>>> print(open('protein.txt').read())   # compact mmCIF, C-alpha atoms
# COMPACT_ATOMS: atom_id res chain seq x y z
CA MET A 1 12.13 -22.33 52.31
CA ALA A 2 9.51 -20.32 50.44
CA GLN A 3 6.71 -22.16 52.19
CA ARG A 4 7.94 -21.13 55.62
CA LEU A 5 7.95 -17.42 54.84
CA SER A 6 4.92 -15.28 55.40
CA ALA A 7 3.31 -14.39 52.07
CA GLN A 8 2.40 -10.91 53.21
CA ARG A 9 5.49 -8.97 54.05
CA VAL A 10 7.58 -6.08 52.78
CA THR A 11 11.33 -6.15 53.34
CA LEU A 12 12.36 -3.02 51.44
CA ILE A 13 10.67 0.24 50.56
CA SER A 14 12.64 1.96 47.78
CA LEU A 15 12.14 5.66 47.14
CA GLY A 16 13.69 7.01 43.95
CA VAL A 17 15.39 10.37 44.48
CA ALA A 18 16.94 13.02 42.25
CA ASP A 19 19.74 14.01 44.62
CA LEU A 20 20.84 11.47 47.18
CA GLU A 21 22.67 14.02 49.30
CA ARG A 22 19.68 16.35 49.49
CA SER A 23 17.29 13.52 50.21
CA GLY A 24 19.56 11.96 52.82
CA ALA A 25 19.93 15.34 54.54
CA PHE A 26 16.15 15.63 54.77
CA TYR A 27 15.65 12.26 56.46
CA LYS A 28 18.61 12.82 58.77
CA ALA A 29 17.08 16.18 59.76
CA LEU A 30 14.04 14.18 60.87
CA GLY A 31 16.26 12.13 63.15
CA TRP A 32 16.78 9.09 60.93
CA GLN A 33 20.14 7.34 61.14
CA PRO A 34 21.45 5.49 58.08
CA ALA A 35 22.36 1.84 58.42
CA GLU A 36 24.45 1.95 55.26
CA GLU A 37 25.45 4.67 52.80
CA LEU A 38 26.58 3.55 49.36
CA PRO A 39 27.27 5.66 46.26
CA GLU A 40 23.80 5.11 44.80
CA VAL A 41 21.69 4.18 47.80
CA THR A 42 21.21 5.05 51.46
CA PHE A 43 19.53 2.42 53.64
CA PHE A 44 17.64 3.10 56.86
CA ARG A 45 16.73 0.10 59.00
CA LEU A 46 13.12 -0.18 60.16
CA LYS A 47 11.53 -3.08 62.04
CA GLY A 48 12.34 -6.07 59.86
CA LEU A 49 12.68 -4.06 56.68
CA MET A 50 14.79 -1.33 55.13
CA LEU A 51 13.78 1.96 53.61
CA GLY A 52 16.21 2.82 50.82
CA LEU A 53 16.80 6.14 49.09
CA ILE A 54 18.06 5.28 45.63
CA GLY A 55 18.97 7.44 42.67
CA LYS A 56 16.03 7.72 40.26
CA GLU A 57 18.17 6.74 37.30
CA ALA A 58 19.43 3.64 39.05
CA LEU A 59 15.91 2.70 40.12
CA ALA A 60 14.57 3.20 36.61
CA ALA A 61 17.36 1.15 35.07
CA ASP A 62 16.81 -1.57 37.65
CA GLN A 63 13.11 -1.69 36.81
CA GLY A 64 13.82 -1.74 33.09
CA ARG A 65 11.89 1.47 32.46
CA ASP A 66 12.48 5.11 31.65
CA GLY A 67 12.95 7.28 34.72
CA ALA A 68 11.32 10.17 32.86
CA GLU A 69 7.95 8.51 33.36
CA PHE A 70 8.34 8.65 37.12
CA GLY A 71 5.86 11.13 38.56
CA ALA A 72 3.66 11.38 41.58
CA GLY A 73 2.73 7.81 42.42
CA ALA A 74 -0.60 6.81 43.91
CA THR A 75 1.03 5.96 47.19
CA ALA A 76 1.67 7.28 50.66
CA LEU A 77 3.76 6.14 53.59
CA ALA A 78 2.49 6.97 57.05
CA GLN A 79 3.73 7.41 60.57
CA ASN A 80 1.22 7.11 63.37
CA PHE A 81 1.51 9.01 66.62
CA GLY A 82 -0.08 8.73 70.04
CA SER A 83 -1.97 12.02 70.01
CA PRO A 84 -3.02 14.93 67.78
CA ALA A 85 -0.45 17.13 69.54
CA ASP A 86 2.32 14.71 68.55
CA VAL A 87 1.07 14.83 64.96
CA ASP A 88 1.32 18.63 64.99
CA THR A 89 4.85 18.46 66.39
CA ALA A 90 5.98 15.94 63.77
CA PHE A 91 4.39 17.92 60.97
CA VAL A 92 6.12 21.14 61.97
CA ALA A 93 9.42 19.28 62.26
CA ALA A 94 9.04 17.86 58.74
CA VAL A 95 8.25 21.23 57.20
CA SER A 96 11.18 22.74 59.09
CA ALA A 97 13.38 20.02 57.59
CA GLY A 98 12.30 21.03 54.08
CA ALA A 99 9.10 19.09 53.42
CA THR A 100 6.27 20.61 51.38
CA ALA A 101 3.01 20.79 53.33
CA LEU A 102 0.17 19.22 51.35
CA LYS A 103 -2.54 19.20 54.01
CA GLN A 104 -2.31 20.73 57.45
CA PRO A 105 -3.08 18.24 60.23
CA GLN A 106 -6.81 18.19 60.88
CA LYS A 107 -9.60 15.98 62.16
CA THR A 108 -10.61 13.24 59.75
CA GLU A 109 -13.95 11.68 58.91
CA TRP A 110 -12.81 8.34 60.33
CA GLY A 111 -12.29 9.75 63.80
CA GLY A 112 -8.58 10.42 63.61
CA TYR A 113 -6.28 13.36 63.02
CA SER A 114 -3.92 13.58 60.08
CA GLY A 115 -1.83 15.74 57.78
CA TYR A 116 0.20 15.14 54.62
CA TYR A 117 3.55 16.41 53.42
CA ALA A 118 5.83 15.63 50.48
CA ASP A 119 9.54 14.96 50.84
CA PRO A 120 12.01 16.73 48.51
CA ASP A 121 11.22 14.25 45.71
CA GLY A 122 7.47 14.37 46.07
CA HIS A 123 7.09 11.15 48.04
CA VAL A 124 4.02 11.59 50.18
CA TRP A 125 3.96 10.98 53.92
CA GLU A 126 0.89 10.99 56.13
CA ILE A 127 1.39 11.94 59.76
CA ALA A 128 -1.55 10.63 61.74
CA HIS A 129 -3.17 9.80 65.02
CA ASN A 130 -5.57 6.88 64.82
CA PRO A 131 -7.28 6.14 68.14
CA PHE A 132 -8.23 2.69 66.84
CA TRP A 133 -4.62 1.62 66.13
CA PRO A 134 -2.71 1.27 69.43
CA LEU A 135 1.07 1.70 69.18
CA ASP A 136 3.78 -0.24 70.95
CA ALA A 137 6.67 1.41 72.81
CA GLU A 138 8.64 1.93 69.60
CA GLY A 139 5.72 3.44 67.75
CA TYR A 140 4.87 0.44 65.59
CA LEU A 141 1.35 -0.93 65.48
CA ALA A 142 0.77 -3.07 68.54
CA GLU A 143 0.07 -6.71 67.83
CA ALA A 144 -3.33 -7.94 69.00
CA GLU A 145 -1.76 -9.70 71.97
CA ASP A 146 -0.09 -6.46 73.11
CA ARG A 147 -3.32 -4.54 73.43
CA MET B 1 4.96 10.81 73.95
CA ALA B 2 6.59 11.86 70.69
CA GLN B 3 10.04 11.63 72.23
CA ARG B 4 9.59 7.95 73.10
CA LEU B 5 8.74 6.86 69.57
CA SER B 6 11.42 5.88 67.10
CA ALA B 7 11.82 8.61 64.50
CA GLN B 8 12.40 6.15 61.70
CA ARG B 9 9.40 3.98 61.22
CA VAL B 10 6.54 3.37 58.79
CA THR B 11 3.17 2.28 60.13
CA LEU B 12 1.13 2.28 56.93
CA ILE B 13 1.92 1.80 53.26
CA SER B 14 -1.02 3.08 51.17
CA LEU B 15 -1.37 1.98 47.56
CA GLY B 16 -3.94 3.85 45.51
CA VAL B 17 -6.00 1.54 43.31
CA ALA B 18 -8.54 1.96 40.52
CA ASP B 19 -10.68 -1.04 41.43
CA LEU B 20 -10.57 -2.25 44.99
CA GLU B 21 -12.13 -5.60 44.16
CA ARG B 22 -9.66 -6.34 41.36
CA SER B 23 -6.71 -5.23 43.46
CA GLY B 24 -7.85 -7.16 46.52
CA ALA B 25 -8.30 -10.28 44.41
CA PHE B 26 -4.70 -9.97 43.18
CA TYR B 27 -3.18 -9.79 46.66
CA LYS B 28 -5.44 -12.55 47.94
CA ALA B 29 -4.28 -14.71 45.03
CA LEU B 30 -0.75 -14.21 46.35
CA GLY B 31 -1.85 -15.62 49.68
CA TRP B 32 -2.46 -12.38 51.55
CA GLN B 33 -5.25 -12.31 54.12
CA PRO B 34 -7.05 -9.03 54.83
CA ALA B 35 -7.19 -7.77 58.40
CA GLU B 36 -10.07 -5.44 57.57
CA GLU B 37 -12.17 -4.75 54.49
CA LEU B 38 -14.01 -1.44 54.39
CA PRO B 39 -15.91 0.15 51.47
CA GLU B 40 -12.92 2.25 50.36
CA VAL B 41 -9.93 0.46 51.81
CA THR B 42 -8.60 -3.03 52.43
CA PHE B 43 -5.96 -3.41 55.14
CA PHE B 44 -3.38 -6.19 55.33
CA ARG B 45 -1.40 -6.47 58.57
CA LEU B 46 2.36 -6.72 58.27
CA LYS B 47 4.90 -6.73 61.11
CA GLY B 48 4.03 -3.59 63.04
CA LEU B 49 2.49 -1.84 60.08
CA MET B 50 -0.41 -2.11 57.66
CA LEU B 51 -0.47 -2.18 53.91
CA GLY B 52 -3.66 -0.56 52.68
CA LEU B 53 -5.29 -0.73 49.27
CA ILE B 54 -7.31 2.45 48.93
CA GLY B 55 -9.39 3.88 46.11
CA LYS B 56 -7.30 6.32 44.05
CA GLU B 57 -9.98 8.98 44.27
CA ALA B 58 -10.17 8.70 48.05
CA LEU B 59 -6.39 8.81 48.33
CA ALA B 60 -6.18 11.85 46.06
CA ALA B 61 -8.91 13.66 47.99
CA ASP B 62 -7.18 12.79 51.24
CA GLN B 63 -3.89 14.22 49.97
CA GLY B 64 -5.62 17.33 48.68
CA ARG B 65 -4.50 16.72 45.11
CA ASP B 66 -5.91 15.64 41.78
CA GLY B 67 -5.87 11.88 41.29
CA ALA B 68 -5.36 12.42 37.57
CA GLU B 69 -1.73 13.32 38.26
CA PHE B 70 -1.09 9.93 39.80
CA GLY B 71 1.21 7.94 37.54
CA ALA B 72 4.12 5.58 37.96
CA GLY B 73 5.83 6.71 41.12
CA ALA B 74 9.57 6.45 41.66
CA THR B 75 9.09 3.73 44.21
CA ALA B 76 9.22 -0.01 44.68
CA LEU B 77 8.27 -2.38 47.46
CA ALA B 78 10.31 -5.54 47.82
CA GLN B 79 10.04 -9.02 49.21
CA ASN B 80 13.26 -10.86 49.92
CA PHE B 81 13.57 -14.61 49.69
CA GLY B 82 16.08 -17.16 50.90
CA SER B 83 17.29 -18.35 47.51
CA PRO B 84 17.16 -17.58 43.77
CA ALA B 85 14.86 -20.59 43.32
CA ASP B 86 12.38 -19.09 45.79
CA VAL B 87 12.52 -15.82 43.85
CA ASP B 88 11.64 -17.67 40.65
CA THR B 89 8.73 -19.41 42.35
CA ALA B 90 7.35 -16.18 43.77
CA PHE B 91 7.73 -14.39 40.44
CA VAL B 92 5.82 -17.06 38.55
CA ALA B 93 3.11 -17.00 41.21
CA ALA B 94 2.73 -13.23 40.89
CA VAL B 95 2.46 -13.34 37.11
CA SER B 96 -0.04 -16.18 37.40
CA ALA B 97 -2.07 -13.98 39.75
CA GLY B 98 -2.21 -11.22 37.13
CA ALA B 99 0.97 -9.19 37.65
CA THR B 100 2.80 -7.65 34.69
CA ALA B 101 6.40 -8.85 34.43
CA LEU B 102 8.80 -5.91 34.18
CA LYS B 103 12.11 -7.74 34.53
CA GLN B 104 12.59 -11.47 34.69
CA PRO B 105 14.53 -12.58 37.77
CA GLN B 106 18.25 -12.48 37.05
CA LYS B 107 21.62 -12.07 38.71
CA THR B 108 22.36 -8.52 39.81
CA GLU B 109 25.55 -6.50 39.88
CA TRP B 110 25.44 -6.36 43.67
CA GLY B 111 25.69 -10.10 44.02
CA GLY B 112 22.02 -10.90 44.41
CA TYR B 113 19.17 -12.16 42.25
CA SER B 114 16.07 -10.14 41.51
CA GLY B 115 13.08 -9.51 39.27
CA TYR B 116 10.38 -6.85 39.07
CA TYR B 117 6.68 -6.98 38.42
CA ALA B 118 3.83 -4.46 38.53
CA ASP B 119 0.55 -5.08 40.30
CA PRO B 120 -2.76 -4.33 38.49
CA ASP B 121 -2.38 -0.61 39.26
CA GLY B 122 1.25 -0.33 38.25
CA HIS B 123 2.72 -0.47 41.74
CA VAL B 124 6.14 -2.01 41.39
CA TRP B 125 7.35 -4.95 43.45
CA GLU B 126 10.87 -6.34 43.48
CA ILE B 127 11.25 -10.01 44.31
CA ALA B 128 14.81 -10.59 45.43
CA HIS B 129 17.39 -12.79 47.04
CA ASN B 130 20.11 -10.82 48.81
CA PRO B 131 22.78 -13.07 50.35
CA PHE B 132 23.90 -10.18 52.55
CA TRP B 133 20.50 -9.67 54.18
CA PRO B 134 19.67 -12.69 56.39
CA LEU B 135 15.96 -13.33 56.96
CA ASP B 136 14.24 -14.43 60.14
CA ALA B 137 11.75 -17.31 60.28
CA GLU B 138 8.88 -15.13 59.06
CA GLY B 139 10.87 -13.72 56.16
CA TYR B 140 11.57 -10.29 57.63
CA LEU B 141 15.12 -8.95 57.79
CA ALA B 142 16.89 -10.48 60.76
CA GLU B 143 17.97 -8.04 63.43
CA ALA B 144 21.71 -7.86 64.04
CA GLU B 145 21.34 -9.84 67.26
CA ASP B 146 19.57 -12.64 65.39
CA ARG B 147 22.40 -13.29 62.94
>>> encode(input="protein.txt", output="structure tokens")
Amino acid sequence: MAQRLSAQRVTLISLGVADLERSGAFYKALGWQPAEELPEVTFFRLKGLMLGLIGKEALAADQGRDGAEFGAGATALAQNFGSPADVDTAFVAAVSAGATALKQPQKTEWGGYSGYYADPDGHVWEIAHNPFWPLDAEGYLAEAEDR
Amino acid sequence: MAQRLSAQRVTLISLGVADLERSGAFYKALGWQPAEELPEVTFFRLKGLMLGLIGKEALAADQGRDGAEFGAGATALAQNFGSPADVDTAFVAAVSAGATALKQPQKTEWGGYSGYYADPDGHVWEIAHNPFWPLDAEGYLAEAEDR
């Protein structure tokens, strides 16, 4: 079975949160709809993977470490959009929903347009337009054969 | 355009790394094949999204923050497998490739089987079997209509 699975895949992105209700309210305000809401975790279905909001304590215990050491990780999740104007719209919507603006959307050195915000727990999201990464109808990166 | 895109999606997972060569070697040892290798970032194509290894300094500058504050984030990325035996195999392969074992694969309270390891920069991966999450042929979560 293992041999048939692609080696490079992600099936769950877990974000540790301090207050599941507050965090869930933020993502719902962005238009996300939960697939499953359990006492310690809220799952949102993406394309072939889940994004889970999970209590920091539960995540720490699960990882066998102390949650107190959790800080700002060297990570970012991104959403790409079809135009700079769509980036601006999404950025304003996120800040309206309670996000902290880290970097206002602006032109980038690599020829795109991008901004950063942090969710209520400090998880960083980039909102970007990349003219070199075509999107499919759902907003995912188009496969080579779709271009 | 913005209205046509799904609100809940991720198109890029960025992992900040201290040494791009070391980090790239780790993921390649796991069988990952880069889609693009640039001076400051290595991209791996997933299903509709990219996973990017990016220099910590570049990521910090891009986020408008000090990279020195980057520590262990309250996050985890996961790969699901079809059986506990496949989880064991993947875990051993990761440790052989240079990962730090955080939690040996074991039965979980929620009826699954999972272990955790950290990549060379401390990014946490869960390797799991979840009998309630069927996988498609590529190893991504099966859509409801596929079950």
>>> closest_residue(input="protein.txt", among="B:Thr100, B:Tyr140, B:Arg22, B:Asp121", to="chain A", atoms="only C-alpha atoms")
B:Tyr140
>>> closest_residue(input="protein.txt", among="B:Thr89, B:Gln63, B:Gln8, B:Ser23", to="A:Ala118", atoms="only C-alpha atoms")
B:Gln63
>>> closest_atom_pairs(input="protein.txt", of="chain B", to="chain A", cutoff="6 Å", atoms="all atoms listed in the file", output="CSV")
residue,atom,partner,partner_atom,distance
B:Ala2,CA,A:Asp86,CA,5.6
B:Leu5,CA,A:Gly139,CA,4.9
B:Ser6,CA,A:Glu138,CA,5.4
B:Ala7,CA,A:Gly31,CA,5.8
B:Gln8,CA,A:Trp32,CA,5.3
B:Arg9,CA,A:Leu46,CA,5.7
B:Val10,CA,A:Gln79,CA,5.2
B:Thr11,CA,A:Gln79,CA,5.2
B:Leu12,CA,A:Ala78,CA,4.9
B:Ile13,CA,A:Leu77,CA,4.7
B:Ser14,CA,A:Ala76,CA,5.0
B:Leu15,CA,A:Thr75,CA,4.7
B:Gly16,CA,A:Ala74,CA,4.7
B:Gly31,CA,A:Ala7,CA,5.8
B:Trp32,CA,A:Gln8,CA,5.3
B:Leu46,CA,A:Arg9,CA,5.7
B:Gly48,CA,A:Leu141,CA,4.5
B:Leu49,CA,A:Leu141,CA,5.6
B:Phe70,CA,A:Gly73,CA,5.1
B:Gly71,CA,A:Gly73,CA,5.1
B:Ala72,CA,A:Gly73,CA,5.2
B:Gly73,CA,A:Gly73,CA,3.5
B:Ala74,CA,A:Gly16,CA,4.7
B:Thr75,CA,A:Leu15,CA,4.6
B:Ala76,CA,A:Ser14,CA,5.0
B:Leu77,CA,A:Ile13,CA,4.7
B:Ala78,CA,A:Leu12,CA,4.9
B:Gln79,CA,A:Thr11,CA,5.2
B:Asp86,CA,A:Ala2,CA,5.6
B:Glu138,CA,A:Leu5,CA,4.9
B:Gly139,CA,A:Leu5,CA,4.9
B:Tyr140,CA,A:Gly48,CA,4.8
B:Leu141,CA,A:Gly48,CA,4.5
>>> axis_aligned_box(input="protein.txt", around="stretch 26-43 of chain B", padding_each_side="4 Å", output="JSON")
{"center_x": -8.3, "center_y": -6.7, "center_z": 50.8, "size_x": 23.2, "size_y": 25.9, "size_z": 23.2}
>>> residues_around(input="protein.txt", residues="A:Ala29", least_positions_apart="2", cutoff="9 Å", atoms="all atoms listed in the file", output="list in words")
Gly24, Ala25, Phe26, Tyr27, Gly31, Trp32, Ala93, Ala94, Ser96, Ala97 and Gly98 of chain A
